[in-house]
Structure formats: structure tokens, C-alpha cells
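*Asks:* So I've got this file, final.cif, and it contains mmCIF, C-alpha atoms and all ligand atoms:
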data_input
loop_
_atom_site.label_atom_id
_atom_site.label_comp_id
_atom_site.auth_asym_id
_atom_site.auth_seq_id
_atom_site.Cartn_x
_atom_site.Cartn_y
_atom_site.Cartn_z
CA MET L 1349 -7.00 12.08 29.39
CA LYS L 1350 -10.36 10.91 28.07
CA PHE L 1351 -11.24 9.20 24.79
CA THR L 1352 -14.84 9.09 23.56
CA TRP L 1353 -16.37 7.66 20.44
CA ASN L 1354 -19.79 6.84 19.03
CA LEU L 1355 -20.87 3.76 17.14
CA PRO L 1356 -20.87 3.33 14.24
CA LEU L 1357 -17.34 4.70 14.30
CA ASP L 1358 -16.79 7.99 12.61
CA PRO L 1359 -13.88 7.92 10.15
CA ASP L 1360 -13.27 11.44 11.39
CA GLY L 1361 -11.64 9.68 14.35
CA ILE L 1362 -11.76 9.19 18.08
CA HIS L 1363 -12.51 12.33 20.02
CA GLY L 1364 -10.75 13.06 23.26
CA GLU L 1365 -9.66 15.65 25.77
CA LEU L 1366 -6.35 16.21 27.46
CA ASP L 1367 -6.39 16.64 31.21
CA ASP L 1368 -6.36 20.44 30.71
CA GLY L 1369 -9.55 20.18 28.62
CA SER L 1370 -7.88 20.63 25.20
CA PRO L 1371 -9.97 18.72 22.66
CA PHE L 1372 -8.35 16.53 20.01
CA VAL L 1373 -9.30 14.03 17.31
CA ILE L 1374 -7.13 11.05 16.44
CA ARG L 1375 -7.27 8.69 13.48
CA PRO L 1376 -4.99 6.53 11.35
CA ILE L 1377 -3.11 8.44 8.65
CA ARG L 1378 -4.58 8.34 5.14
CA ALA L 1379 -2.91 8.18 1.74
CA THR L 1380 -4.58 11.55 1.03
CA ASP L 1381 -2.88 13.31 3.96
CA GLY L 1382 0.19 14.46 1.97
CA SER L 1383 -0.78 18.16 1.71
CA ALA L 1384 -1.77 18.34 5.37
CA LEU L 1385 1.55 16.79 6.37
CA GLU L 1386 3.56 19.15 4.17
CA SER L 1387 1.66 22.15 5.65
CA ALA L 1388 2.23 20.92 9.18
CA PHE L 1389 5.93 20.50 8.39
CA ALA L 1390 6.06 24.08 7.06
CA ARG L 1391 4.70 25.26 10.43
CA MET L 1392 7.40 23.42 12.39
CA SER L 1393 10.45 25.25 13.72
CA PRO L 1394 13.83 24.28 12.21
CA ARG L 1395 14.74 22.91 15.64
CA SER L 1396 11.74 20.56 15.83
CA ARG L 1397 12.35 19.44 12.23
CA TYR L 1398 15.94 18.64 13.10
CA LEU L 1399 14.99 16.73 16.25
CA ARG L 1400 12.41 14.68 14.35
CA PHE L 1401 14.37 13.92 11.16
CA PHE L 1402 17.97 14.28 12.43
CA SER L 1403 18.67 16.55 9.46
CA VAL L 1404 17.96 20.08 8.28
CA ARG L 1405 15.33 20.11 5.57
CA GLU L 1406 13.05 22.77 4.10
CA ARG L 1407 10.34 20.47 2.75
CA LEU L 1408 9.36 16.86 3.16
CA GLY L 1409 9.24 16.34 -0.62
CA ASP L 1410 7.11 13.99 -2.69
CA ASP L 1411 9.03 10.76 -2.10
CA LEU L 1412 9.15 11.09 1.67
CA LEU L 1413 5.50 12.23 1.77
CA GLU L 1414 4.50 9.16 -0.17
CA MET L 1415 6.46 6.97 2.23
CA LEU L 1416 4.89 8.66 5.27
CA THR L 1417 1.26 8.57 4.08
CA ASN L 1418 0.86 5.60 1.77
CA ILE L 1419 1.45 2.95 4.40
CA ASP L 1420 0.21 -0.62 4.84
CA HIS L 1421 -1.06 -0.12 8.45
CA ASP L 1422 0.39 -3.53 9.19
CA GLU L 1423 4.18 -3.24 9.23
CA HIS L 1424 3.87 0.54 9.36
CA ARG L 1425 1.11 2.16 11.42
CA ALA L 1426 0.56 5.87 12.00
CA TRP L 1427 -1.81 8.02 14.02
CA VAL L 1428 -2.53 11.67 13.25
CA VAL L 1429 -3.88 14.08 15.85
CA ALA L 1430 -5.87 17.19 14.94
CA ASP L 1431 -7.19 20.20 16.84
CA PRO L 1432 -10.92 20.28 15.91
CA THR L 1433 -11.25 23.89 17.08
CA VAL L 1434 -8.90 25.23 14.38
CA PRO L 1435 -9.69 24.77 10.67
CA SER L 1436 -7.23 22.78 8.59
CA GLU L 1437 -5.15 24.88 6.21
CA VAL L 1438 -5.76 22.27 3.53
CA ASP L 1439 -8.72 22.92 1.19
CA GLY L 1440 -11.57 20.47 1.51
CA SER L 1441 -10.34 18.99 4.77
CA ASP L 1442 -12.67 19.68 7.67
CA GLY L 1443 -11.05 17.45 10.29
CA GLY L 1444 -9.23 20.29 12.07
CA LEU L 1445 -5.64 21.44 12.12
CA GLY L 1446 -3.06 18.64 12.09
CA ILE L 1447 -0.95 18.98 15.22
CA ALA L 1448 0.86 15.71 15.84
CA VAL L 1449 1.82 12.40 14.28
CA ALA L 1450 3.02 9.15 15.82
CA ARG L 1451 4.18 6.12 13.89
CA LEU L 1452 5.30 2.60 14.60
CA ILE L 1453 7.35 0.75 11.99
CA ASN L 1454 8.40 -2.88 12.30
CA VAL L 1455 12.16 -3.33 12.44
CA ASP L 1456 13.51 -5.63 9.72
CA GLY L 1457 15.00 -8.82 11.10
CA GLU L 1458 13.82 -8.21 14.67
CA PRO L 1459 10.37 -9.78 15.11
CA GLY L 1460 8.33 -8.13 17.84
CA VAL L 1461 10.29 -4.87 17.66
CA ALA L 1462 8.88 -1.69 16.09
CA GLU L 1463 10.51 1.69 15.87
CA ALA L 1464 8.53 4.73 16.97
CA ALA L 1465 8.62 8.25 15.59
CA LEU L 1466 6.62 11.13 17.00
CA VAL L 1467 6.25 14.83 16.59
CA VAL L 1468 4.06 17.53 18.12
CA ALA L 1469 3.64 20.94 16.43
CA ASP L 1470 5.60 23.65 18.21
CA ASP L 1471 2.55 25.63 19.36
CA TYR L 1472 1.15 22.50 20.99
CA GLN L 1473 4.22 21.23 22.79
CA ARG L 1474 4.37 20.93 26.60
CA ARG L 1475 0.63 20.37 26.89
CA GLY L 1476 0.57 16.61 27.17
CA PHE L 1477 0.28 15.60 23.50
CA GLY L 1478 3.61 13.77 23.65
CA ARG L 1479 2.27 11.63 26.48
CA LEU L 1480 -0.93 11.03 24.51
CA LEU L 1481 1.09 9.83 21.51
CA LEU L 1482 3.09 7.47 23.68
CA GLU L 1483 -0.11 6.07 25.11
CA LEU L 1484 -1.44 5.47 21.61
CA LEU L 1485 1.78 3.84 20.50
CA ILE L 1486 1.97 1.59 23.53
CA GLY L 1487 -1.69 0.59 23.18
CA THR L 1488 -1.37 -0.03 19.45
CA ALA L 1489 1.82 -2.04 19.94
CA ARG L 1490 0.37 -4.11 22.75
CA ASP L 1491 -2.80 -4.93 20.81
CA THR L 1492 -0.93 -5.81 17.61
CA GLY L 1493 1.74 -8.13 18.97
CA ILE L 1494 4.68 -5.75 19.28
CA GLU L 1495 6.76 -6.54 22.35
CA PHE L 1496 9.29 -3.71 22.29
CA ILE L 1497 9.02 -0.17 21.00
CA ARG L 1498 12.34 1.27 19.92
CA PHE L 1499 13.03 5.01 20.20
CA GLU L 1500 15.98 6.70 18.54
CA THR L 1501 16.59 10.16 19.87
CA LEU L 1502 19.36 12.70 19.56
CA TYR L 1503 21.33 13.06 22.75
CA GLU L 1504 20.50 16.78 22.74
CA ASN L 1505 16.73 16.13 22.63
CA ARG L 1506 15.82 17.01 26.21
CA GLY L 1507 12.10 16.86 25.49
CA MET L 1508 12.17 13.32 24.18
CA ARG L 1509 14.53 12.14 26.88
CA GLY L 1510 12.30 13.75 29.50
CA LEU L 1511 9.28 12.01 28.05
CA LEU L 1512 11.05 8.65 27.94
CA SER L 1513 12.32 8.99 31.48
CA GLU L 1514 8.70 8.56 32.63
CA LEU L 1515 8.64 5.05 31.15
CA THR L 1516 10.56 1.84 31.75
CA ALA L 1517 12.57 2.24 28.54
CA VAL L 1518 16.02 0.64 28.65
CA LYS L 1519 18.99 2.17 26.84
CA ASN L 1520 20.26 -0.11 24.09
CA ASP L 1521 24.03 0.23 24.47
CA LYS L 1522 24.78 -1.77 21.34
CA LEU L 1523 22.86 0.61 19.08
CA SER L 1524 23.48 3.91 20.90
CA ASP L 1525 26.40 6.20 20.19
CA ARG L 1526 27.46 9.64 21.39
CA GLU L 1527 24.93 11.52 19.29
CA VAL L 1528 22.01 9.13 18.97
CA LEU L 1529 20.54 7.29 21.93
CA VAL L 1530 18.45 4.20 21.35
CA TYR L 1531 15.92 2.98 23.93
CA ASP L 1532 13.80 -0.16 23.95
CA LEU L 1533 10.49 -0.03 25.79
CA PRO L 1534 8.87 -3.35 26.82
CA VAL L 1535 5.19 -2.65 26.13
CA ASN L 1536 3.65 -5.18 28.46
CA GLU L 1537 5.09 -3.46 31.49
CA GLU L 1538 3.36 -0.22 30.63
CA VAL L 1539 -0.26 0.55 31.43
CA ALA L 1540 -1.45 1.63 28.03
CA ASP L 1541 -4.85 3.12 28.69
CA GLY L 1542 -6.48 3.90 31.97
CA ASP L 1543 -9.98 3.45 30.54
CA GLY L 1544 -9.27 -0.04 29.22
CA VAL L 1545 -9.71 1.12 25.61
CA ALA L 1546 -8.42 -1.43 23.08
CA ILE L 1547 -6.48 1.13 21.08
CA GLY L 1548 -5.13 -1.36 18.55
CA ALA L 1549 -8.63 -2.62 17.82
CA LEU L 1550 -9.87 0.93 17.36
CA TYR L 1551 -6.97 1.63 15.06
CA GLU L 1552 -7.96 -1.33 12.89
CA LEU L 1553 -11.64 -0.32 12.86
CA LEU L 1554 -10.95 3.29 11.94
CA ARG L 1555 -8.56 2.23 9.26
CA PHE L 1556 -11.23 -0.05 7.84
CA VAL L 1557 -13.95 2.63 7.97
CA ALA L 1558 -11.66 5.23 6.37
CA ALA L 1559 -10.58 2.84 3.63
CA SER L 1560 -14.15 1.85 2.73
CA GLU L 1561 -15.19 5.55 2.71
CA GLN L 1562 -12.46 6.33 0.23
CA SER L 1563 -13.32 3.45 -2.05
CA THR L 1564 -17.02 4.40 -2.17
CA ASN L 1565 -16.49 8.14 -2.57
CA PRO L 1566 -15.37 8.99 -6.11
CA GLU L 1567 -14.70 12.59 -5.07
CA VAL L 1568 -11.89 11.59 -2.73
CA ASP L 1569 -8.58 11.79 -4.53
CA GLN L 1570 -6.80 8.51 -3.99
C1 LIG E 1601 9.51 15.49 22.12
C2 LIG E 1601 8.05 15.90 21.90
C3 LIG E 1601 7.34 14.82 21.09
C4 LIG E 1601 7.37 16.04 23.28
O1 LIG E 1601 6.01 16.35 23.07
P1 LIG E 1601 5.20 17.29 24.07
O2 LIG E 1601 3.78 17.30 23.63
O3 LIG E 1601 5.87 18.60 24.16
O4 LIG E 1601 5.36 16.49 25.42
P2 LIG E 1601 4.42 16.55 26.71
O5 LIG E 1601 3.77 17.89 26.84
O6 LIG E 1601 3.52 15.37 26.70
O7 LIG E 1601 5.51 16.42 27.87
C5 LIG E 1601 5.56 15.31 28.73
C6 LIG E 1601 6.82 15.41 29.57
O8 LIG E 1601 8.00 15.26 28.78
C7 LIG E 1601 9.04 16.11 29.30
N1 LIG E 1601 9.35 17.17 28.32
C8 LIG E 1601 8.67 17.48 27.20
N2 LIG E 1601 9.28 18.48 26.54
C9 LIG E 1601 10.35 18.82 27.27
C10 LIG E 1601 11.40 19.78 27.11
N3 LIG E 1601 11.43 20.60 26.05
N4 LIG E 1601 12.37 19.82 28.04
C11 LIG E 1601 12.36 19.00 29.10
N5 LIG E 1601 11.39 18.06 29.31
C12 LIG E 1601 10.40 17.98 28.42
C13 LIG E 1601 8.49 16.71 30.58
O9 LIG E 1601 8.77 15.81 31.61
C14 LIG E 1601 7.01 16.75 30.27
O10 LIG E 1601 6.21 16.79 31.41
P3 LIG E 1601 5.79 18.22 32.04
O11 LIG E 1601 5.38 19.13 30.92
O12 LIG E 1601 4.66 17.85 32.94
O13 LIG E 1601 7.02 18.72 32.73
C15 LIG E 1601 7.93 17.29 21.21
O14 LIG E 1601 8.70 18.22 21.93
C16 LIG E 1601 8.40 17.28 19.76
O15 LIG E 1601 7.65 16.93 18.86
N6 LIG E 1601 9.65 17.71 19.52
C17 LIG E 1601 10.19 17.83 18.16
C18 LIG E 1601 10.31 16.50 17.44
C19 LIG E 1601 10.96 15.45 18.29
O16 LIG E 1601 11.87 15.71 19.07
N7 LIG E 1601 10.49 14.21 18.11
C20 LIG E 1601 11.06 13.06 18.77
C21 LIG E 1601 12.14 12.46 17.92
S1 LIG E 1601 12.80 11.03 18.69
#
Let's see the structure in the file written out as C-alpha cells.
*Replies:*
Amino acid sequence: MKFTWNLPLDPDGIHGELDDGSPFVIRPIRATDGSALESAFARMSPRSRYLRFFSVRERLGDDLLEMLTNIDHDEHRAWVVADPTVPSEVDGSDGGLGIAVARLINVDGEPGVAEAALVVADDYQRRGFGRLLLELLIGTARDTGIEFIRFETLYENRGMRGLLSELTAVKNDKLSDREVLVYDLPVNEEVADGDGVAIGALYELLRFVAASEQSTNPEVDQ
């Protein structure tokens, strides 16, 4: 897949194309992304919701939305991916339809370890977005001092297990049980980005650009 960007960086994000030519835009999540996230969740199948959150839920709800969007980008980092060819269903947002999210959250008491969470909208699955998210997570982790990415997945999650089987992730027998499998991925052994893009540095830059845009634009609801 290809990433392209112009300087000065556009807070809209980094533009790219999957190998099949599908265009996408990626950027760090913003505190104002709550409505977009709730709409994307409403579009997800009950099965995908269950596989992502390990529980059956109808809505994300205000508290969880706040936790997922209002993040420090330091201990908790998150990328959102949008399809620029489809309008967002959220009023006033012109960045395209939100189709995937990946996050990396430092694990308390285990320096150098961060837990990953990822989800791709049902209509966009099996097109390579899962691999893209992993690439972003690995690049972000590598550039920000994370040594191991931890993945918790339900045993029944064939998609996630298939995706992980392509990497050198090692099953963590201490933390796994019959229903939930835990894998630790050493990031330095993975080639994060074929083009040599410093993903972590881009993450920081975009976060900075987006934050300064918000603070200078009184119309943006903070
Ligand atoms: C798991 C998930 C992130 C995969 O994303 P995706 O965009 O569909 O994955 P990709 O298209 O990049 O697939 C890459 C590879 O993973 C494997 N894979 C993905 N989905 C699969 C499935 N349903 N069954 C078997 N293997 C699968 C395949 O090896 C695939 O390669 P291929 O399509 O060339 O055969 C996505 O299915 C998802 O969001 N599911 C619901 C939420 C979830 O399970 N999140 C993870 C919680 S730990």
C-alpha cells in the first residue's frame, strides 16, 4: 500500500491507497469524533461489535465515547481511517466516511507494552484494511518506544487470528484462557513500513496540526 502526503501537513490526514487502489485517509482521533464513532458503531454488525468489545451492546454511550475520543495521544494513541469517496454521515464533517479505528494503550505496570484494539467496518472487511491498521500500529509503536504490542482476541475470532498469524506474535500462555487468547508482538522484528515512512513522527505531527487547528477555530466544538 502507498501513503502520500503534502507539506505543510493537512490535518485532514495522510492519504493513501490499498494495493487494490481503494483510497483512504488516516489521522489521529480527535476529541470531536464522538458522533462519527457512534454512527460507525451503529453501522457495525452485532457480530463485529461482539468481537471488538467482547460484549453485546447497542450503543457505545457517552462515557465510553469520551474515553475513546478524549485521549492523551501519549499513553493512549488512536488512528481513524476514512473513505474519502463516501460522505461522512455526521453533519459538518467532510473528511469522508469513518471505516476503521486502531488504538494502542500503554499497559499499566508493564513498561514498553501497549495493548492494541482494532476494528474495520463490516462493508470494508477483507480488503486489506486490517493489515493497514497493523502496519500503522507497528510503526507508531516502534517510533514511540513501545517494544511489544499486546493483542487480546476471542478464541472464536478467526479474522483476527488469521491476521495475527501473518506476524511473529507469540501466545502469552499466562494471560490466555479458553475464551480469550493473548498475543505479544515484538515490534522490532516486524518491518513496519515498506516506504520507510516514520509513522510515529507523522502521528505526532498530525496530532499537533489538528490540535492547533481546533484551538484557533472558535467554530469547532471542543
Ligand atoms: C479482524 C479485522 C480487524 C480484520 O480486518 P480486515 O480488514 O477484514 O482484514 P484484512 O482484509 O486486512 O485481512 C488480512 C488477512 O487476515 C485474515 N482474515 C481476515 N479476516 C478473516 C476472516 N474473517 N476469516 C479468516 N481469515 C481472515 C486473512 O488471512 C486475510 O488475508 P486475505 O484476505 O488475503 O486472505 C476485522 O474483521 C474486524 O474489524 N472484525 C471485527 C472486530 C474485531 O474482531 N476486532 C479485533 C478484536 S481483537
*Asks:* Quick one: of L:Val1557, L:Leu1481, L:Val1535, L:Leu1523, who's nearest to ligand LIG 1601 (chain E), counting all atoms listed in the file?
*Replies:*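 When distances to ligand LIG 1601 (chain E) are compared using all atoms listed in the file, the smallest one comes from L:Leu1481.
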*Asks:* Could the residues that lie within 9 Å of ligand LIG 1601 (chain E), counting only C-alpha atoms and all ligand atoms, be listed as a VMD selection string?
*Replies:* chain L and resid 1392 to 1393 1395 to 1402 1448 to 1450 1464 to 1470 1472 to 1482 1499 to 1502 1505 to 1514
*Asks:* With C-alpha atoms retained, write the just-selected residues as a PDB file, keeping the file's coordinate frame.
*Replies:*
ATOM      1  CA  MET L1392       7.400  23.420  12.390  1.00  0.00           C
ATOM      2  CA  SER L1393      10.450  25.250  13.720  1.00  0.00           C
ATOM      3  CA  ARG L1395      14.740  22.910  15.640  1.00  0.00           C
ATOM      4  CA  SER L1396      11.740  20.560  15.830  1.00  0.00           C
ATOM      5  CA  ARG L1397      12.350  19.440  12.230  1.00  0.00           C
ATOM      6  CA  TYR L1398      15.940  18.640  13.100  1.00  0.00           C
ATOM      7  CA  LEU L1399      14.990  16.730  16.250  1.00  0.00           C
ATOM      8  CA  ARG L1400      12.410  14.680  14.350  1.00  0.00           C
ATOM      9  CA  PHE L1401      14.370  13.920  11.160  1.00  0.00           C
ATOM     10  CA  PHE L1402      17.970  14.280  12.430  1.00  0.00           C
ATOM     11  CA  ALA L1448       0.860  15.710  15.840  1.00  0.00           C
ATOM     12  CA  VAL L1449       1.820  12.400  14.280  1.00  0.00           C
ATOM     13  CA  ALA L1450       3.020   9.150  15.820  1.00  0.00           C
ATOM     14  CA  ALA L1464       8.530   4.730  16.970  1.00  0.00           C
ATOM     15  CA  ALA L1465       8.620   8.250  15.590  1.00  0.00           C
ATOM     16  CA  LEU L1466       6.620  11.130  17.000  1.00  0.00           C
ATOM     17  CA  VAL L1467       6.250  14.830  16.590  1.00  0.00           C
ATOM     18  CA  VAL L1468       4.060  17.530  18.120  1.00  0.00           C
ATOM     19  CA  ALA L1469       3.640  20.940  16.430  1.00  0.00           C
ATOM     20  CA  ASP L1470       5.600  23.650  18.210  1.00  0.00           C
ATOM     21  CA  TYR L1472       1.150  22.500  20.990  1.00  0.00           C
ATOM     22  CA  GLN L1473       4.220  21.230  22.790  1.00  0.00           C
ATOM     23  CA  ARG L1474       4.370  20.930  26.600  1.00  0.00           C
ATOM     24  CA  ARG L1475       0.630  20.370  26.890  1.00  0.00           C
ATOM     25  CA  GLY L1476       0.570  16.610  27.170  1.00  0.00           C
ATOM     26  CA  PHE L1477       0.280  15.600  23.500  1.00  0.00           C
ATOM     27  CA  GLY L1478       3.610  13.770  23.650  1.00  0.00           C
ATOM     28  CA  ARG L1479       2.270  11.630  26.480  1.00  0.00           C
ATOM     29  CA  LEU L1480      -0.930  11.030  24.510  1.00  0.00           C
ATOM     30  CA  LEU L1481       1.090   9.830  21.510  1.00  0.00           C
ATOM     31  CA  LEU L1482       3.090   7.470  23.680  1.00  0.00           C
ATOM     32  CA  PHE L1499      13.030   5.010  20.200  1.00  0.00           C
ATOM     33  CA  GLU L1500      15.980   6.700  18.540  1.00  0.00           C
ATOM     34  CA  THR L1501      16.590  10.160  19.870  1.00  0.00           C
ATOM     35  CA  LEU L1502      19.360  12.700  19.560  1.00  0.00           C
ATOM     36  CA  ASN L1505      16.730  16.130  22.630  1.00  0.00           C
ATOM     37  CA  ARG L1506      15.820  17.010  26.210  1.00  0.00           C
ATOM     38  CA  GLY L1507      12.100  16.860  25.490  1.00  0.00           C
ATOM     39  CA  MET L1508      12.170  13.320  24.180  1.00  0.00           C
ATOM     40  CA  ARG L1509      14.530  12.140  26.880  1.00  0.00           C
ATOM     41  CA  GLY L1510      12.300  13.750  29.500  1.00  0.00           C
ATOM     42  CA  LEU L1511       9.280  12.010  28.050  1.00  0.00           C
ATOM     43  CA  LEU L1512      11.050   8.650  27.940  1.00  0.00           C
ATOM     44  CA  SER L1513      12.320   8.990  31.480  1.00  0.00           C
ATOM     45  CA  GLU L1514       8.700   8.560  32.630  1.00  0.00           C
TER      46      GLU L1514
END
*Asks:* Within 9 Å of range 1364-1374 of chain L, counting only C-alpha atoms, which residues qualify if same-chain residues fewer than 5 places away don't, as number ranges by chain?
*Replies:* L: 1349-1353, 1427-1433, 1443-1444, 1475-1477, 1480
*Asks:* Counting only C-alpha atoms, what is within 10 Å of Leu1416 in chain L, bar same-chain residues fewer than 3 positions away, as a PyMOL selection string?
*Replies:* chain L and resi 1377-1379+1381-1382+1385+1408+1410-1413+1419+1424-1426+1451
*Asks:* Which residues are near Asp1422 in chain L? Cut-off 12 Å, all atoms listed in the file, ignore same chain within fewer than 2 positions. Put them as a PyMOL selection string.
*Replies:* chain L and resi 1376+1418-1420+1424-1426+1451-1454+1462+1488-1489+1492-1494+1548+1551-1552+1555
*Asks:* With all atoms listed in the file as the basis for distance, which of L:Glu1504, L:Asp1491, L:Glu1386, L:Glu1463 is at the shortest distance from Asp1532 in chain L?
*Replies:*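 So, comparing all the options, the nearest one is L:Glu1463.
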*Asks:* Compare L:Leu1445, L:Leu1529, L:Gly1487, L:Glu1458 by their minimum atom-to-atom distance to Leu1550 in chain L, counting all atoms listed in the file, and give me the closest one.
*Replies:*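 Between L:Leu1445, L:Leu1529, L:Gly1487, L:Glu1458, the residue approaching Leu1550 in chain L most closely is L:Gly1487.
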*Asks:* Start from the incomplete input, build N, CA and C atoms for range 1425-1449 of chain L, and deliver everything as a PDB file, in the coordinates of the input.
*Replies:*
ATOM      1  N   ARG L1425       2.396   1.594  10.982  1.00  0.00           N
ATOM      2  CA  ARG L1425       1.110   2.160  11.420  1.00  0.00           C
ATOM      3  C   ARG L1425       1.349   3.606  11.826  1.00  0.00           C
ATOM      4  N   ALA L1426       0.366   4.468  11.597  1.00  0.00           N
ATOM      5  CA  ALA L1426       0.560   5.870  12.000  1.00  0.00           C
ATOM      6  C   ALA L1426      -0.755   6.502  12.427  1.00  0.00           C
ATOM      7  N   TRP L1427      -0.677   7.240  13.520  1.00  0.00           N
ATOM      8  CA  TRP L1427      -1.810   8.020  14.020  1.00  0.00           C
ATOM      9  C   TRP L1427      -1.586   9.490  13.695  1.00  0.00           C
ATOM     10  N   VAL L1428      -2.640  10.216  13.335  1.00  0.00           N
ATOM     11  CA  VAL L1428      -2.530  11.670  13.250  1.00  0.00           C
ATOM     12  C   VAL L1428      -3.475  12.273  14.291  1.00  0.00           C
ATOM     13  N   VAL L1429      -3.065  13.381  14.850  1.00  0.00           N
ATOM     14  CA  VAL L1429      -3.880  14.080  15.850  1.00  0.00           C
ATOM     15  C   VAL L1429      -4.214  15.455  15.295  1.00  0.00           C
ATOM     16  N   ALA L1430      -5.469  15.869  15.431  1.00  0.00           N
ATOM     17  CA  ALA L1430      -5.870  17.190  14.940  1.00  0.00           C
ATOM     18  C   ALA L1430      -6.546  17.973  16.062  1.00  0.00           C
ATOM     19  N   ASP L1431      -6.467  19.307  15.926  1.00  0.00           N
ATOM     20  CA  ASP L1431      -7.190  20.200  16.840  1.00  0.00           C
ATOM     21  C   ASP L1431      -8.500  20.569  16.141  1.00  0.00           C
ATOM     22  N   PRO L1432      -9.648  20.040  16.619  1.00  0.00           N
ATOM     23  CA  PRO L1432     -10.920  20.280  15.910  1.00  0.00           C
ATOM     24  C   PRO L1432     -11.407  21.708  16.034  1.00  0.00           C
ATOM     25  N   THR L1433     -10.779  22.514  16.903  1.00  0.00           N
ATOM     26  CA  THR L1433     -11.250  23.890  17.080  1.00  0.00           C
ATOM     27  C   THR L1433     -10.570  24.851  16.098  1.00  0.00           C
ATOM     28  N   VAL L1434      -9.600  24.356  15.344  1.00  0.00           N
ATOM     29  CA  VAL L1434      -8.900  25.230  14.380  1.00  0.00           C
ATOM     30  C   VAL L1434      -9.038  24.587  12.994  1.00  0.00           C
ATOM     31  N   PRO L1435      -9.505  25.374  11.991  1.00  0.00           N
ATOM     32  CA  PRO L1435      -9.690  24.770  10.670  1.00  0.00           C
ATOM     33  C   PRO L1435      -8.365  24.320  10.064  1.00  0.00           C
ATOM     34  N   SER L1436      -8.424  23.260   9.294  1.00  0.00           N
ATOM     35  CA  SER L1436      -7.230  22.780   8.590  1.00  0.00           C
ATOM     36  C   SER L1436      -6.849  23.813   7.534  1.00  0.00           C
ATOM     37  N   GLU L1437      -5.541  23.936   7.266  1.00  0.00           N
ATOM     38  CA  GLU L1437      -5.150  24.880   6.210  1.00  0.00           C
ATOM     39  C   GLU L1437      -5.235  24.228   4.843  1.00  0.00           C
ATOM     40  N   VAL L1438      -5.672  22.969   4.811  1.00  0.00           N
ATOM     41  CA  VAL L1438      -5.760  22.270   3.530  1.00  0.00           C
ATOM     42  C   VAL L1438      -7.208  22.329   3.019  1.00  0.00           C
ATOM     43  N   ASP L1439      -7.389  22.796   1.762  1.00  0.00           N
ATOM     44  CA  ASP L1439      -8.720  22.920   1.190  1.00  0.00           C
ATOM     45  C   ASP L1439      -9.469  21.600   1.211  1.00  0.00           C
ATOM     46  N   GLY L1440     -10.737  21.675   1.571  1.00  0.00           N
ATOM     47  CA  GLY L1440     -11.570  20.470   1.510  1.00  0.00           C
ATOM     48  C   GLY L1440     -11.413  19.548   2.691  1.00  0.00           C
ATOM     49  N   SER L1441     -10.497  19.862   3.613  1.00  0.00           N
ATOM     50  CA  SER L1441     -10.340  18.990   4.770  1.00  0.00           C
ATOM     51  C   SER L1441     -10.981  19.669   5.967  1.00  0.00           C
ATOM     52  N   ASP L1442     -11.974  19.021   6.575  1.00  0.00           N
ATOM     53  CA  ASP L1442     -12.670  19.680   7.670  1.00  0.00           C
ATOM     54  C   ASP L1442     -12.376  18.995   9.010  1.00  0.00           C
ATOM     55  N   GLY L1443     -11.317  18.209   9.060  1.00  0.00           N
ATOM     56  CA  GLY L1443     -11.050  17.450  10.290  1.00  0.00           C
ATOM     57  C   GLY L1443     -10.283  18.222  11.346  1.00  0.00           C
ATOM     58  N   GLY L1444      -9.997  19.510  11.109  1.00  0.00           N
ATOM     59  CA  GLY L1444      -9.230  20.290  12.070  1.00  0.00           C
ATOM     60  C   GLY L1444      -7.760  20.361  11.691  1.00  0.00           C
ATOM     61  N   LEU L1445      -7.056  21.201  12.421  1.00  0.00           N
ATOM     62  CA  LEU L1445      -5.640  21.440  12.120  1.00  0.00           C
ATOM     63  C   LEU L1445      -4.783  20.265  12.606  1.00  0.00           C
ATOM     64  N   GLY L1446      -3.951  19.743  11.715  1.00  0.00           N
ATOM     65  CA  GLY L1446      -3.060  18.640  12.090  1.00  0.00           C
ATOM     66  C   GLY L1446      -1.992  19.128  13.058  1.00  0.00           C
ATOM     67  N   ILE L1447      -1.883  18.469  14.215  1.00  0.00           N
ATOM     68  CA  ILE L1447      -0.950  18.980  15.220  1.00  0.00           C
ATOM     69  C   ILE L1447       0.066  17.943  15.710  1.00  0.00           C
ATOM     70  N   ALA L1448      -0.115  16.701  15.365  1.00  0.00           N
ATOM     71  CA  ALA L1448       0.860  15.710  15.840  1.00  0.00           C
ATOM     72  C   ALA L1448       0.723  14.411  15.034  1.00  0.00           C
ATOM     73  N   VAL L1449       1.817  13.694  14.965  1.00  0.00           N
ATOM     74  CA  VAL L1449       1.820  12.400  14.280  1.00  0.00           C
ATOM     75  C   VAL L1449       2.662  11.426  15.106  1.00  0.00           C
TER      76      VAL L1449
END
